[in-house]
Structure formats: structure tokens, C-alpha cells
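Student: Quick one, query-v8.pdb (PDB, C-alpha atoms and all ligand atoms):
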```pdb
ATOM      1  CA  MET A   1     -10.530  15.175  30.882  1.00  0.00           C
ATOM      2  CA  LEU A   2     -10.140  11.419  30.306  1.00  0.00           C
ATOM      3  CA  THR A   3     -10.235  10.315  26.669  1.00  0.00           C
ATOM      4  CA  ASP A   4     -10.660   6.820  25.355  1.00  0.00           C
ATOM      5  CA  VAL A   5      -9.995   7.077  21.626  1.00  0.00           C
ATOM      6  CA  ALA A   6      -7.050   8.477  19.719  1.00  0.00           C
ATOM      7  CA  LYS A   7      -7.681  10.297  16.454  1.00  0.00           C
ATOM      8  CA  ILE A   8      -5.900   8.534  13.600  1.00  0.00           C
ATOM      9  CA  ALA A   9      -4.852  10.073  10.279  1.00  0.00           C
ATOM     10  CA  VAL A  10      -3.786   7.751   7.454  1.00  0.00           C
ATOM     11  CA  LEU A  11      -1.411   9.046   4.761  1.00  0.00           C
ATOM     12  CA  VAL A  12      -1.684   7.265   1.406  1.00  0.00           C
ATOM     13  CA  SER A  13      -0.481   7.476  -2.197  1.00  0.00           C
ATOM     14  CA  GLY A  14      -1.998   4.510  -4.016  1.00  0.00           C
ATOM     15  CA  GLY A  15      -4.393   1.590  -3.897  1.00  0.00           C
ATOM     16  CA  GLY A  16      -4.981   1.794  -0.172  1.00  0.00           C
ATOM     17  CA  THR A  17      -5.296  -1.897   0.696  1.00  0.00           C
ATOM     18  CA  ASN A  18      -3.572  -1.174   4.011  1.00  0.00           C
ATOM     19  CA  LEU A  19      -6.008   1.684   4.632  1.00  0.00           C
ATOM     20  CA  GLN A  20      -8.807  -0.824   3.950  1.00  0.00           C
ATOM     21  CA  ALA A  21      -7.276  -3.233   6.475  1.00  0.00           C
ATOM     22  CA  LEU A  22      -7.319  -0.420   9.057  1.00  0.00           C
ATOM     23  CA  ILE A  23     -10.943   0.495   8.248  1.00  0.00           C
ATOM     24  CA  ASP A  24     -11.976  -3.178   8.516  1.00  0.00           C
ATOM     25  CA  ALA A  25     -10.052  -3.546  11.796  1.00  0.00           C
ATOM     26  CA  GLU A  26     -11.893  -0.581  13.265  1.00  0.00           C
ATOM     27  CA  ILE A  27     -15.231  -2.119  12.238  1.00  0.00           C
ATOM     28  CA  SER A  28     -14.321  -5.551  13.631  1.00  0.00           C
ATOM     29  CA  GLY A  29     -13.027  -4.077  16.904  1.00  0.00           C
ATOM     30  CA  ILE A  30      -9.345  -4.980  16.458  1.00  0.00           C
ATOM     31  CA  ILE A  31      -8.754  -1.233  16.580  1.00  0.00           C
ATOM     32  CA  LYS A  32     -10.726  -0.047  19.570  1.00  0.00           C
ATOM     33  CA  SER A  33      -8.512   2.661  21.048  1.00  0.00           C
ATOM     34  CA  GLY A  34      -8.497   4.812  17.925  1.00  0.00           C
ATOM     35  CA  LYS A  35     -10.745   6.215  15.210  1.00  0.00           C
ATOM     36  CA  ILE A  36      -9.669   6.971  11.647  1.00  0.00           C
ATOM     37  CA  THR A  37     -10.751  10.570  11.213  1.00  0.00           C
ATOM     38  CA  LEU A  38      -8.714  11.824   8.263  1.00  0.00           C
ATOM     39  CA  VAL A  39      -7.091  10.391   5.142  1.00  0.00           C
ATOM     40  CA  ILE A  40      -4.517  12.510   3.324  1.00  0.00           C
ATOM     41  CA  SER A  41      -3.277  11.548  -0.140  1.00  0.00           C
ATOM     42  CA  ASN A  42      -0.388  13.115  -2.005  1.00  0.00           C
ATOM     43  CA  LYS A  43      -1.853  11.783  -5.287  1.00  0.00           C
ATOM     44  CA  SER A  44      -5.183  13.069  -6.580  1.00  0.00           C
ATOM     45  CA  GLY A  45      -6.195   9.860  -8.378  1.00  0.00           C
ATOM     46  CA  ALA A  46      -5.336   7.445  -5.563  1.00  0.00           C
ATOM     47  CA  TYR A  47      -7.933   4.683  -5.164  1.00  0.00           C
ATOM     48  CA  ALA A  48      -7.359   4.940  -1.408  1.00  0.00           C
ATOM     49  CA  ILE A  49      -9.415   8.169  -1.460  1.00  0.00           C
ATOM     50  CA  GLU A  50     -12.382   6.244  -2.858  1.00  0.00           C
ATOM     51  CA  ARG A  51     -12.025   3.693  -0.042  1.00  0.00           C
ATOM     52  CA  ALA A  52     -12.042   6.513   2.533  1.00  0.00           C
ATOM     53  CA  HIS A  53     -15.130   8.123   0.950  1.00  0.00           C
ATOM     54  CA  ARG A  54     -16.963   4.818   1.059  1.00  0.00           C
ATOM     55  CA  ALA A  55     -16.144   4.519   4.762  1.00  0.00           C
ATOM     56  CA  GLY A  56     -17.331   8.083   5.426  1.00  0.00           C
ATOM     57  CA  ILE A  57     -13.880   9.370   6.399  1.00  0.00           C
ATOM     58  CA  ASP A  58     -12.815  12.968   5.650  1.00  0.00           C
ATOM     59  CA  THR A  59     -10.194  13.190   2.914  1.00  0.00           C
ATOM     60  CA  LEU A  60      -7.694  15.721   1.732  1.00  0.00           C
ATOM     61  CA  VAL A  61      -5.395  15.758  -1.296  1.00  0.00           C
ATOM     62  CA  ILE A  62      -2.138  17.664  -0.863  1.00  0.00           C
ATOM     63  CA  GLU A  63       0.096  17.340  -3.918  1.00  0.00           C
ATOM     64  CA  LYS A  64       3.735  18.420  -3.847  1.00  0.00           C
ATOM     65  CA  LYS A  65       3.473  19.948  -7.316  1.00  0.00           C
ATOM     66  CA  ALA A  66       0.782  22.326  -6.042  1.00  0.00           C
ATOM     67  CA  CYS A  67       3.080  23.495  -3.218  1.00  0.00           C
ATOM     68  CA  ARG A  68       5.947  26.010  -3.303  1.00  0.00           C
ATOM     69  CA  ASP A  69       8.471  23.410  -2.119  1.00  0.00           C
ATOM     70  CA  ALA A  70       8.865  20.385   0.169  1.00  0.00           C
ATOM     71  CA  GLU A  71       8.666  22.588   3.251  1.00  0.00           C
ATOM     72  CA  ASP A  72       5.374  24.128   2.117  1.00  0.00           C
ATOM     73  CA  PHE A  73       4.031  20.606   1.361  1.00  0.00           C
ATOM     74  CA  GLU A  74       4.803  19.425   4.901  1.00  0.00           C
ATOM     75  CA  GLU A  75       3.540  22.687   6.420  1.00  0.00           C
ATOM     76  CA  LYS A  76       0.176  22.156   4.736  1.00  0.00           C
ATOM     77  CA  MET A  77       0.004  18.592   6.060  1.00  0.00           C
ATOM     78  CA  ILE A  78       0.930  19.708   9.596  1.00  0.00           C
ATOM     79  CA  ASP A  79      -1.769  22.427   9.473  1.00  0.00           C
ATOM     80  CA  ALA A  80      -4.396  19.891   8.395  1.00  0.00           C
ATOM     81  CA  LEU A  81      -3.319  17.264  10.942  1.00  0.00           C
ATOM     82  CA  ASP A  82      -3.096  19.695  13.834  1.00  0.00           C
ATOM     83  CA  SER A  83      -6.393  21.400  13.093  1.00  0.00           C
ATOM     84  CA  ALA A  84      -8.090  17.975  12.994  1.00  0.00           C
ATOM     85  CA  GLY A  85      -6.533  17.211  16.424  1.00  0.00           C
ATOM     86  CA  ILE A  86      -4.769  14.095  15.132  1.00  0.00           C
ATOM     87  CA  ASP A  87      -2.968  11.929  17.697  1.00  0.00           C
ATOM     88  CA  ILE A  88      -1.489   9.158  15.517  1.00  0.00           C
ATOM     89  CA  ILE A  89      -0.345   9.219  11.892  1.00  0.00           C
ATOM     90  CA  VAL A  90      -0.211   5.971   9.944  1.00  0.00           C
ATOM     91  CA  LEU A  91       1.799   5.870   6.720  1.00  0.00           C
ATOM     92  CA  ALA A  92       0.045   3.219   4.642  1.00  0.00           C
ATOM     93  CA  GLY A  93       1.740   3.122   1.262  1.00  0.00           C
ATOM     94  CA  PHE A  94       2.660   6.818   1.511  1.00  0.00           C
ATOM     95  CA  MET A  95       5.409   7.262  -1.075  1.00  0.00           C
ATOM     96  CA  SER A  96       7.072  10.470   0.073  1.00  0.00           C
ATOM     97  CA  ILE A  97       9.970  10.766   2.494  1.00  0.00           C
ATOM     98  CA  LEU A  98       9.244  13.089   5.421  1.00  0.00           C
ATOM     99  CA  SER A  99      11.818  15.525   6.786  1.00  0.00           C
ATOM    100  CA  GLU A 100      13.018  15.760  10.377  1.00  0.00           C
ATOM    101  CA  ARG A 101      10.905  18.890  10.791  1.00  0.00           C
ATOM    102  CA  PHE A 102       7.791  16.809  10.197  1.00  0.00           C
ATOM    103  CA  THR A 103       8.825  13.632  12.036  1.00  0.00           C
ATOM    104  CA  SER A 104      10.000  15.456  15.173  1.00  0.00           C
ATOM    105  CA  HIS A 105       6.688  17.371  15.326  1.00  0.00           C
ATOM    106  CA  TYR A 106       4.972  13.992  15.871  1.00  0.00           C
ATOM    107  CA  LYS A 107       7.704  12.110  17.745  1.00  0.00           C
ATOM    108  CA  ASP A 108       6.677   8.493  18.494  1.00  0.00           C
ATOM    109  CA  ARG A 109       3.288   9.179  16.926  1.00  0.00           C
ATOM    110  CA  ILE A 110       3.986   8.250  13.282  1.00  0.00           C
ATOM    111  CA  ILE A 111       4.086   4.601  12.202  1.00  0.00           C
ATOM    112  CA  ASN A 112       4.846   3.081   8.809  1.00  0.00           C
ATOM    113  CA  VAL A 113       4.352  -0.312   7.210  1.00  0.00           C
ATOM    114  CA  HIS A 114       7.237  -1.532   5.081  1.00  0.00           C
ATOM    115  CA  PRO A 115       7.016  -4.683   2.928  1.00  0.00           C
ATOM    116  CA  SER A 116      10.227  -6.453   4.051  1.00  0.00           C
ATOM    117  CA  LEU A 117      11.931  -7.578   7.229  1.00  0.00           C
ATOM    118  CA  ILE A 118      13.902  -4.430   8.152  1.00  0.00           C
ATOM    119  CA  PRO A 119      16.932  -4.044   8.028  1.00  0.00           C
ATOM    120  CA  SER A 120      16.755  -5.943   4.699  1.00  0.00           C
ATOM    121  CA  PHE A 121      15.588  -4.195   1.520  1.00  0.00           C
ATOM    122  CA  CYS A 122      14.706  -0.864   3.107  1.00  0.00           C
ATOM    123  CA  GLY A 123      15.728   2.793   3.096  1.00  0.00           C
ATOM    124  CA  ALA A 124      15.644   5.377   0.309  1.00  0.00           C
ATOM    125  CA  GLY A 125      14.692   3.863  -3.060  1.00  0.00           C
ATOM    126  CA  PHE A 126      13.062   0.749  -1.562  1.00  0.00           C
ATOM    127  CA  TYR A 127       9.321   1.103  -1.912  1.00  0.00           C
ATOM    128  CA  GLY A 128       6.412  -0.840  -3.389  1.00  0.00           C
ATOM    129  CA  LEU A 129       7.309  -3.520  -5.928  1.00  0.00           C
ATOM    130  CA  ARG A 130      10.992  -2.508  -5.901  1.00  0.00           C
ATOM    131  CA  VAL A 131      11.320  -4.069  -2.449  1.00  0.00           C
ATOM    132  CA  HIS A 132      10.058  -7.434  -3.700  1.00  0.00           C
ATOM    133  CA  GLU A 133      12.168  -7.242  -6.874  1.00  0.00           C
ATOM    134  CA  ALA A 134      15.252  -6.750  -4.691  1.00  0.00           C
ATOM    135  CA  ALA A 135      14.311  -9.591  -2.333  1.00  0.00           C
ATOM    136  CA  LEU A 136      13.798 -11.998  -5.261  1.00  0.00           C
ATOM    137  CA  ALA A 137      17.009 -10.865  -6.988  1.00  0.00           C
ATOM    138  CA  TYR A 138      18.941 -11.556  -3.774  1.00  0.00           C
ATOM    139  CA  GLY A 139      17.327 -14.971  -3.481  1.00  0.00           C
ATOM    140  CA  VAL A 140      16.045 -14.762   0.103  1.00  0.00           C
ATOM    141  CA  LYS A 141      13.806 -17.651   1.181  1.00  0.00           C
ATOM    142  CA  VAL A 142      11.941 -15.591   3.775  1.00  0.00           C
ATOM    143  CA  SER A 143      10.699 -12.030   3.556  1.00  0.00           C
ATOM    144  CA  GLY A 144       7.828 -10.297   5.345  1.00  0.00           C
ATOM    145  CA  ALA A 145       6.679  -6.966   6.669  1.00  0.00           C
ATOM    146  CA  THR A 146       7.679  -4.525   9.372  1.00  0.00           C
ATOM    147  CA  VAL A 147       5.753  -1.817  11.186  1.00  0.00           C
ATOM    148  CA  HIS A 148       8.001   0.776  12.772  1.00  0.00           C
ATOM    149  CA  PHE A 149       8.001   4.285  14.211  1.00  0.00           C
ATOM    150  CA  VAL A 150       9.011   6.951  11.717  1.00  0.00           C
ATOM    151  CA  ASN A 151      11.955   9.228  12.363  1.00  0.00           C
ATOM    152  CA  GLU A 152      14.235  11.242  10.076  1.00  0.00           C
ATOM    153  CA  ILE A 153      16.035   8.106   8.804  1.00  0.00           C
ATOM    154  CA  PRO A 154      14.028   6.355   6.044  1.00  0.00           C
ATOM    155  CA  ASP A 155      12.783   3.050   7.533  1.00  0.00           C
ATOM    156  CA  GLY A 156      15.154   3.667  10.470  1.00  0.00           C
ATOM    157  CA  GLY A 157      12.791   4.131  13.441  1.00  0.00           C
ATOM    158  CA  LYS A 158      12.173   1.673  16.281  1.00  0.00           C
ATOM    159  CA  ILE A 159      10.480  -1.562  15.177  1.00  0.00           C
ATOM    160  CA  ILE A 160       6.991  -2.229  16.583  1.00  0.00           C
ATOM    161  CA  MET A 161       6.083  -5.557  14.914  1.00  0.00           C
ATOM    162  CA  GLN A 162       7.410  -7.875  12.222  1.00  0.00           C
ATOM    163  CA  LYS A 163       5.986 -10.926  10.507  1.00  0.00           C
ATOM    164  CA  ALA A 164       7.903 -13.348   8.297  1.00  0.00           C
ATOM    165  CA  VAL A 165       6.440 -14.722   5.049  1.00  0.00           C
ATOM    166  CA  GLU A 166       7.791 -17.601   2.968  1.00  0.00           C
ATOM    167  CA  VAL A 167       9.229 -16.876  -0.497  1.00  0.00           C
ATOM    168  CA  ARG A 168       8.264 -19.655  -2.936  1.00  0.00           C
ATOM    169  CA  ASP A 169       9.969 -20.922  -6.077  1.00  0.00           C
ATOM    170  CA  GLY A 170       8.609 -19.130  -9.124  1.00  0.00           C
ATOM    171  CA  ASP A 171       7.399 -16.069  -7.181  1.00  0.00           C
ATOM    172  CA  THR A 172       7.140 -12.880  -9.207  1.00  0.00           C
ATOM    173  CA  PRO A 173       7.388  -9.517  -7.416  1.00  0.00           C
ATOM    174  CA  GLU A 174       3.601  -9.153  -7.773  1.00  0.00           C
ATOM    175  CA  VAL A 175       2.861 -12.606  -6.323  1.00  0.00           C
ATOM    176  CA  LEU A 176       5.250 -12.061  -3.405  1.00  0.00           C
ATOM    177  CA  GLN A 177       3.822  -8.577  -2.758  1.00  0.00           C
ATOM    178  CA  LYS A 178       0.289  -9.994  -2.535  1.00  0.00           C
ATOM    179  CA  ARG A 179       1.314 -12.829  -0.179  1.00  0.00           C
ATOM    180  CA  ILE A 180       3.180 -10.402   2.099  1.00  0.00           C
ATOM    181  CA  MET A 181       0.206  -8.036   2.166  1.00  0.00           C
ATOM    182  CA  GLU A 182      -2.292 -10.795   2.957  1.00  0.00           C
ATOM    183  CA  GLU A 183      -0.198 -12.730   5.477  1.00  0.00           C
ATOM    184  CA  ALA A 184       1.683  -9.890   7.153  1.00  0.00           C
ATOM    185  CA  GLU A 185       0.921  -6.230   6.366  1.00  0.00           C
ATOM    186  CA  TRP A 186      -2.863  -6.345   6.737  1.00  0.00           C
ATOM    187  CA  LYS A 187      -2.445  -8.117  10.090  1.00  0.00           C
ATOM    188  CA  ILE A 188       0.423  -6.335  11.829  1.00  0.00           C
ATOM    189  CA  LEU A 189      -0.514  -2.804  10.732  1.00  0.00           C
ATOM    190  CA  PRO A 190      -3.911  -2.787  12.521  1.00  0.00           C
ATOM    191  CA  LEU A 191      -2.425  -4.555  15.580  1.00  0.00           C
ATOM    192  CA  SER A 192       0.425  -2.034  15.791  1.00  0.00           C
ATOM    193  CA  CYS A 193      -1.953   0.854  15.281  1.00  0.00           C
ATOM    194  CA  GLU A 194      -4.117  -0.339  18.195  1.00  0.00           C
ATOM    195  CA  GLN A 195      -1.016  -0.770  20.373  1.00  0.00           C
ATOM    196  CA  VAL A 196       0.227   2.776  19.696  1.00  0.00           C
ATOM    197  CA  CYS A 197      -3.262   4.284  20.153  1.00  0.00           C
ATOM    198  CA  ARG A 198      -3.582   2.524  23.510  1.00  0.00           C
ATOM    199  CA  THR A 199      -0.185   3.854  24.624  1.00  0.00           C
ATOM    200  CA  VAL A 200      -1.086   7.418  23.616  1.00  0.00           C
ATOM    201  CA  ILE A 201      -4.427   7.246  25.438  1.00  0.00           C
ATOM    202  CA  ASN A 202      -2.909   5.724  28.578  1.00  0.00           C
ATOM    203  CA  GLU A 203      -0.168   8.358  28.699  1.00  0.00           C
ATOM    204  CA  ARG A 204      -2.675  11.159  28.197  1.00  0.00           C
ATOM    205  CA  ASN A 205      -4.980   9.841  30.884  1.00  0.00           C
ATOM    206  CA  LYS A 206      -2.044   9.501  33.294  1.00  0.00           C
ATOM    207  CA  ARG A 207      -1.086  13.140  32.640  1.00  0.00           C
ATOM    208  CA  ASN A 208      -4.661  14.364  33.065  1.00  0.00           C
ATOM    209  CA  GLY A 209      -5.217  12.306  36.199  1.00  0.00           C
TER     210      GLY A 209
HETATM  211  C1  LIG A 301       2.414  -1.743   0.575  1.00  0.00           C
HETATM  212  O1  LIG A 301       2.991  -2.966   0.215  1.00  0.00           O
HETATM  213  C2  LIG A 301       3.305  -1.007   1.546  1.00  0.00           C
HETATM  214  O2  LIG A 301       3.943  -1.833   2.463  1.00  0.00           O
HETATM  215  C3  LIG A 301       4.295  -0.393   0.606  1.00  0.00           C
HETATM  216  O3  LIG A 301       3.541   0.017  -0.515  1.00  0.00           O
HETATM  217  C4  LIG A 301       2.382  -0.794  -0.633  1.00  0.00           C
HETATM  218  C5  LIG A 301       1.161   0.099  -0.622  1.00  0.00           C
HETATM  219  O4  LIG A 301      -0.010  -0.646  -0.896  1.00  0.00           O
HETATM  220  N1  LIG A 301       5.004   0.698   1.234  1.00  0.00           N
HETATM  221  C6  LIG A 301       6.283   0.965   1.012  1.00  0.00           C
HETATM  222  O5  LIG A 301       6.961   0.385   0.195  1.00  0.00           O
HETATM  223  C7  LIG A 301       6.844   2.106   1.838  1.00  0.00           C
HETATM  224  N2  LIG A 301       8.284   2.075   1.851  1.00  0.00           N
HETATM  225  P1  LIG A 301      -1.460  -0.093  -0.497  1.00  0.00           P
HETATM  226  O6  LIG A 301      -1.595   1.322  -1.078  1.00  0.00           O
HETATM  227  O7  LIG A 301      -2.397  -1.058  -1.185  1.00  0.00           O
HETATM  228  O8  LIG A 301      -1.596  -0.117   0.994  1.00  0.00           O
END
```
I'd like the structure from this file rewritten - as C-alpha cells, please.
Ligand code: GAR
Tutor:
Amino acid sequence: MLTDVAKIAVLVSGGGTNLQALIDAEISGIIKSGKITLVISNKSGAYAIERAHRAGIDTLVIEKKACRDAEDFEEKMIDALDSAGIDIIVLAGFMSILSERFTSHYKDRIINVHPSLIPSFCGAGFYGLRVHEAALAYGVKVSGATVHFVNEIPDGGKIIMQKAVEVRDGDTPEVLQKRIMEEAEWKILPLSCEQVCRTVINERNKRNG
């Protein structure tokens, strides 16, 4: 059977502005080869869940502390993703490192947005505001965002898109974070998501004749 949309799951932990950018991109038609069908949060109070509710998207909260261990946590996510028939997983501010067991289950089907130009300021310990603090402490004049495939190496998978953003004198981590979100993350995440959805659909249609 030929299919024309990929089912997208978005994994979140916080405010969910990148989730909102994906929702808006689906509405405006930038994302046309995929449909956001599930949002999973590993934090019960995450505002991202509210954004998903408002958009009429199914949500699920899976907290590590409610699981036996990290393996059980990932097992529960895999069960939920597989039973929803998810094709593509987008990590949009998801603050938990995934094991090889998880990443290899969805090889080339998980993408992540990271708020720097990889390979700078990335890897374990570099997340959220910490990334911008490190960039400012180093004194770089240009930073940006990267969307990449997710494998077992934190921020180590193949790069899909990058966008550079100017660092200005007097920037605080918060100001730089906002500029990078507005000028880079919210643009390249939806574009990358559409690109990966299109690839998945084309490959599936080729297989199914
Ligand atoms: C974003 O800046 C995202 O790039 C970053 O956390 C923020 C989440 O914001 N992710 C990482 O640092 C992952 N290593 P959001 O919840 O508003 O999308």
C-alpha cells in the first residue's frame, strides 16, 4: 500500500517552543510529508504538553523516576512509539540521553535539534542554557543550531542541517538562546523534519511498489 504521510512523535522535556514550531509548520504546510501524532514528555509539568493538548495531539508522560531503571524507561517509550506506528522521532528539547538499544531500534529515524554549531559545545553535559554559557565564555562570534540524526554518541550522529547565528557584544546566555531559537532552531527543525519524512515515505513506497 502506498502511504503519503509519516507519523511523527516528538519527545520533549520543557517549554516546547520547538514543538510549537513543528506544529505551526504542519499547519502552514512546511511539513507536508508527516503528521505529529504523539508527544511524549519525561517531565509531568512540561509546558510542551499543554501546547500538544491545544493542538489536539495525543500526549504521554513517562518519567524515569516512575520506572524500574533506564532500560524500563526506554522500553516503555518503545512500546508507546511502536504501538502508535511512529515512523520518525523528533527530540525537541528532550533532556535525557538515549542508549544504543533505543537509538538502533529507530536507526536513521530519530533527529535532534542542538543549540550550537556541532562539533562545538556539544556532547554529554551540553544542553539548554549551558550550551550558550559555554559559547559566551569561549568568546565565539558565531554560534547557531544543528539538526542531526541521533545515534549512541551524544550529539554525534550525521548532520542534516545547520544555521549560523551572530553572537553580539553584551549577549547573555538567555538573549543568545532566544536569538538562536528564532533565527535557527525554529526554521531548520521543521525543514529537516519534512526532509526526513519525505525520505522515509519515498523509501517505503519504493519497497511496496
Ligand atoms: C532548545 O534550545 C534545544 O535546542 C535545546 O533545549 C532547548 C529546548 O527548548 N536542546 C538541547 O540542548 C539538547 N542537547 P524548547 O523546549 O522550548 O524547545
Student: Taking the file as I've supplied it (selection: the PyMOL selection byres (((not hetatm)) within 9 of (chain A and resi 301))), which residues are included? Please answer as JSON, numbers by chain.
Tutor: {"A": [12, 13, 14, 15, 16, 17, 18, 19, 20, 21, 46, 47, 48, 91, 92, 93, 94, 95, 96, 97, 112, 113, 114, 115, 116, 122, 123, 124, 125, 126, 127, 128, 129, 130, 131, 145, 146, 147, 154, 155, 177, 178, 180, 181, 185, 186]}
Student: Report as a PDB file with C-alpha atoms, keeping the file's coordinate frame the full result of the PyMOL selection byres (((chain A and resi 32-38) around 8) and not hetatm) when it is applied to this structure.
Tutor:
```pdb
ATOM      1  CA  ASP A   4     -10.660   6.820  25.355  1.00  0.00           C
ATOM      2  CA  VAL A   5      -9.995   7.077  21.626  1.00  0.00           C
ATOM      3  CA  ALA A   6      -7.050   8.477  19.719  1.00  0.00           C
ATOM      4  CA  LYS A   7      -7.681  10.297  16.454  1.00  0.00           C
ATOM      5  CA  ILE A   8      -5.900   8.534  13.600  1.00  0.00           C
ATOM      6  CA  ALA A   9      -4.852  10.073  10.279  1.00  0.00           C
ATOM      7  CA  VAL A  10      -3.786   7.751   7.454  1.00  0.00           C
ATOM      8  CA  ILE A  23     -10.943   0.495   8.248  1.00  0.00           C
ATOM      9  CA  GLU A  26     -11.893  -0.581  13.265  1.00  0.00           C
ATOM     10  CA  GLY A  29     -13.027  -4.077  16.904  1.00  0.00           C
ATOM     11  CA  ILE A  30      -9.345  -4.980  16.458  1.00  0.00           C
ATOM     12  CA  ILE A  31      -8.754  -1.233  16.580  1.00  0.00           C
ATOM     13  CA  VAL A  39      -7.091  10.391   5.142  1.00  0.00           C
ATOM     14  CA  ILE A  40      -4.517  12.510   3.324  1.00  0.00           C
ATOM     15  CA  ILE A  57     -13.880   9.370   6.399  1.00  0.00           C
ATOM     16  CA  ASP A  58     -12.815  12.968   5.650  1.00  0.00           C
ATOM     17  CA  THR A  59     -10.194  13.190   2.914  1.00  0.00           C
ATOM     18  CA  LEU A  60      -7.694  15.721   1.732  1.00  0.00           C
ATOM     19  CA  ALA A  84      -8.090  17.975  12.994  1.00  0.00           C
ATOM     20  CA  ILE A  86      -4.769  14.095  15.132  1.00  0.00           C
ATOM     21  CA  GLU A 194      -4.117  -0.339  18.195  1.00  0.00           C
ATOM     22  CA  CYS A 197      -3.262   4.284  20.153  1.00  0.00           C
ATOM     23  CA  ARG A 198      -3.582   2.524  23.510  1.00  0.00           C
ATOM     24  CA  ILE A 201      -4.427   7.246  25.438  1.00  0.00           C
TER      25      ILE A 201
END
```
Student: Taking the file as shown, find all residues satisfying the PyMOL selection byres (((chain A and resi 162) around 8) and not hetatm) and write them as a list in words.
Tutor: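 Answer for the PyMOL selection byres (((chain A and resi 162) around 8) and not hetatm): Leu117, Gly144, Ala145, Thr146, Val147, Ile159, Ile160, Met161, Lys163, Ala164, Ala184 and Ile188 of chain A.
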Student: So that I have them on file, write out the residues from the current selection with C-alpha atoms, as a PDB file, in the coordinates of the input.
Tutor:
```
ATOM      1  CA  LEU A 117      11.931  -7.578   7.229  1.00  0.00           C
ATOM      2  CA  GLY A 144       7.828 -10.297   5.345  1.00  0.00           C
ATOM      3  CA  ALA A 145       6.679  -6.966   6.669  1.00  0.00           C
ATOM      4  CA  THR A 146       7.679  -4.525   9.372  1.00  0.00           C
ATOM      5  CA  VAL A 147       5.753  -1.817  11.186  1.00  0.00           C
ATOM      6  CA  ILE A 159      10.480  -1.562  15.177  1.00  0.00           C
ATOM      7  CA  ILE A 160       6.991  -2.229  16.583  1.00  0.00           C
ATOM      8  CA  MET A 161       6.083  -5.557  14.914  1.00  0.00           C
ATOM      9  CA  LYS A 163       5.986 -10.926  10.507  1.00  0.00           C
ATOM     10  CA  ALA A 164       7.903 -13.348   8.297  1.00  0.00           C
ATOM     11  CA  ALA A 184       1.683  -9.890   7.153  1.00  0.00           C
ATOM     12  CA  ILE A 188       0.423  -6.335  11.829  1.00  0.00           C
TER      13      ILE A 188
END
```
Student: Work out how far apart CA of Ser99 in chain A and CA of Ser41 in chain A are and give it in Å to one decimal.
Tutor: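 Between CA of Ser99 in chain A and CA of Ser41 in chain A the gap works out to 17.1 Å.
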Student: Using all atoms listed in the file, which protein or nucleic acid residues come within 10 Å of Val140 in chain A? Drop anything in the same chain fewer than 3 positions from it, and give the result as a PyMOL selection string.
Tutor: chain A and resi 120+134-137+143+166-168
Student: For Glu133 in chain A, please output as a list in words all residues within 10 Å (counting all atoms listed in the file; exclusion window: fewer than 6 positions along the same chain).
Tutor: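 So the residues in contact are Phe121, Phe126, Gly139, Thr172, Pro173, Glu174, Leu176 and Gln177 of chain A.
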Student: When you count all atoms listed in the file, which of these residues is closest to Lys107 in chain A: A:Leu11, A:Ile88, A:Ile49, A:Val175?
Tutor: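 Of A:Leu11, A:Ile88, A:Ile49, A:Val175, the one nearest Lys107 in chain A is A:Ile88, counting all atoms listed in the file.
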Student: Give the answer as one residue: which of A:Glu75, A:Glu50, A:Lys43, A:Glu182 has the shortest atom-to-atom distance to Ile62 in chain A, using only C-alpha atoms?
Tutor: A:Lys43
Student: Could you work out how far CA of Ile111 in chain A lies from CA of Glu63 in chain A, giving the answer in Å with one decimal?
Tutor: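 That distance, rounded to one decimal, is 20.9 Å.
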Student: From the coordinates supplied, range 95-105 of chain A should be written with N, CA, C and O atoms, as a short mmCIF file (atom, residue, chain, number, x, y, z; two decimals), in the first residue's frame.
Tutor:
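Okay, result38.cif is ready:
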```
data_model
loop_
_atom_site.label_atom_id
_atom_site.label_comp_id
_atom_site.auth_asym_id
_atom_site.auth_seq_id
_atom_site.Cartn_x
_atom_site.Cartn_y
_atom_site.Cartn_z
N MET A 95 15.61 16.19 27.32
CA MET A 95 16.84 16.26 28.11
C MET A 95 17.20 14.92 28.76
O MET A 95 17.43 14.85 29.97
N SER A 96 17.22 13.87 27.97
CA SER A 96 17.63 12.57 28.50
C SER A 96 18.42 11.87 27.41
O SER A 96 17.99 11.87 26.25
N ILE A 97 19.57 11.32 27.77
CA ILE A 97 20.39 10.66 26.76
C ILE A 97 19.86 9.25 26.51
O ILE A 97 19.52 8.53 27.46
N LEU A 98 19.73 8.88 25.25
CA LEU A 98 19.14 7.58 24.89
C LEU A 98 20.25 6.56 24.63
O LEU A 98 21.29 6.89 24.05
N SER A 99 20.00 5.33 25.05
CA SER A 99 21.02 4.28 24.90
C SER A 99 21.04 3.75 23.47
O SER A 99 20.12 3.99 22.68
N GLU A 100 22.07 2.94 23.19
CA GLU A 100 22.18 2.34 21.86
C GLU A 100 21.00 1.41 21.57
O GLU A 100 20.57 1.28 20.42
N ARG A 101 20.49 0.79 22.61
CA ARG A 101 19.33 -0.11 22.43
C ARG A 101 18.18 0.67 21.78
O ARG A 101 17.53 0.21 20.86
N PHE A 102 17.95 1.86 22.30
CA PHE A 102 16.86 2.70 21.79
C PHE A 102 17.21 3.24 20.40
O PHE A 102 16.42 3.12 19.46
N THR A 103 18.40 3.84 20.27
CA THR A 103 18.72 4.52 19.00
C THR A 103 18.82 3.53 17.84
O THR A 103 18.41 3.84 16.73
N SER A 104 19.31 2.31 18.11
CA SER A 104 19.44 1.37 16.99
C SER A 104 18.07 0.79 16.59
O SER A 104 17.89 0.35 15.46
N HIS A 105 17.11 0.82 17.51
CA HIS A 105 15.75 0.38 17.18
C HIS A 105 15.12 1.30 16.12
O HIS A 105 14.26 0.88 15.36
#
```
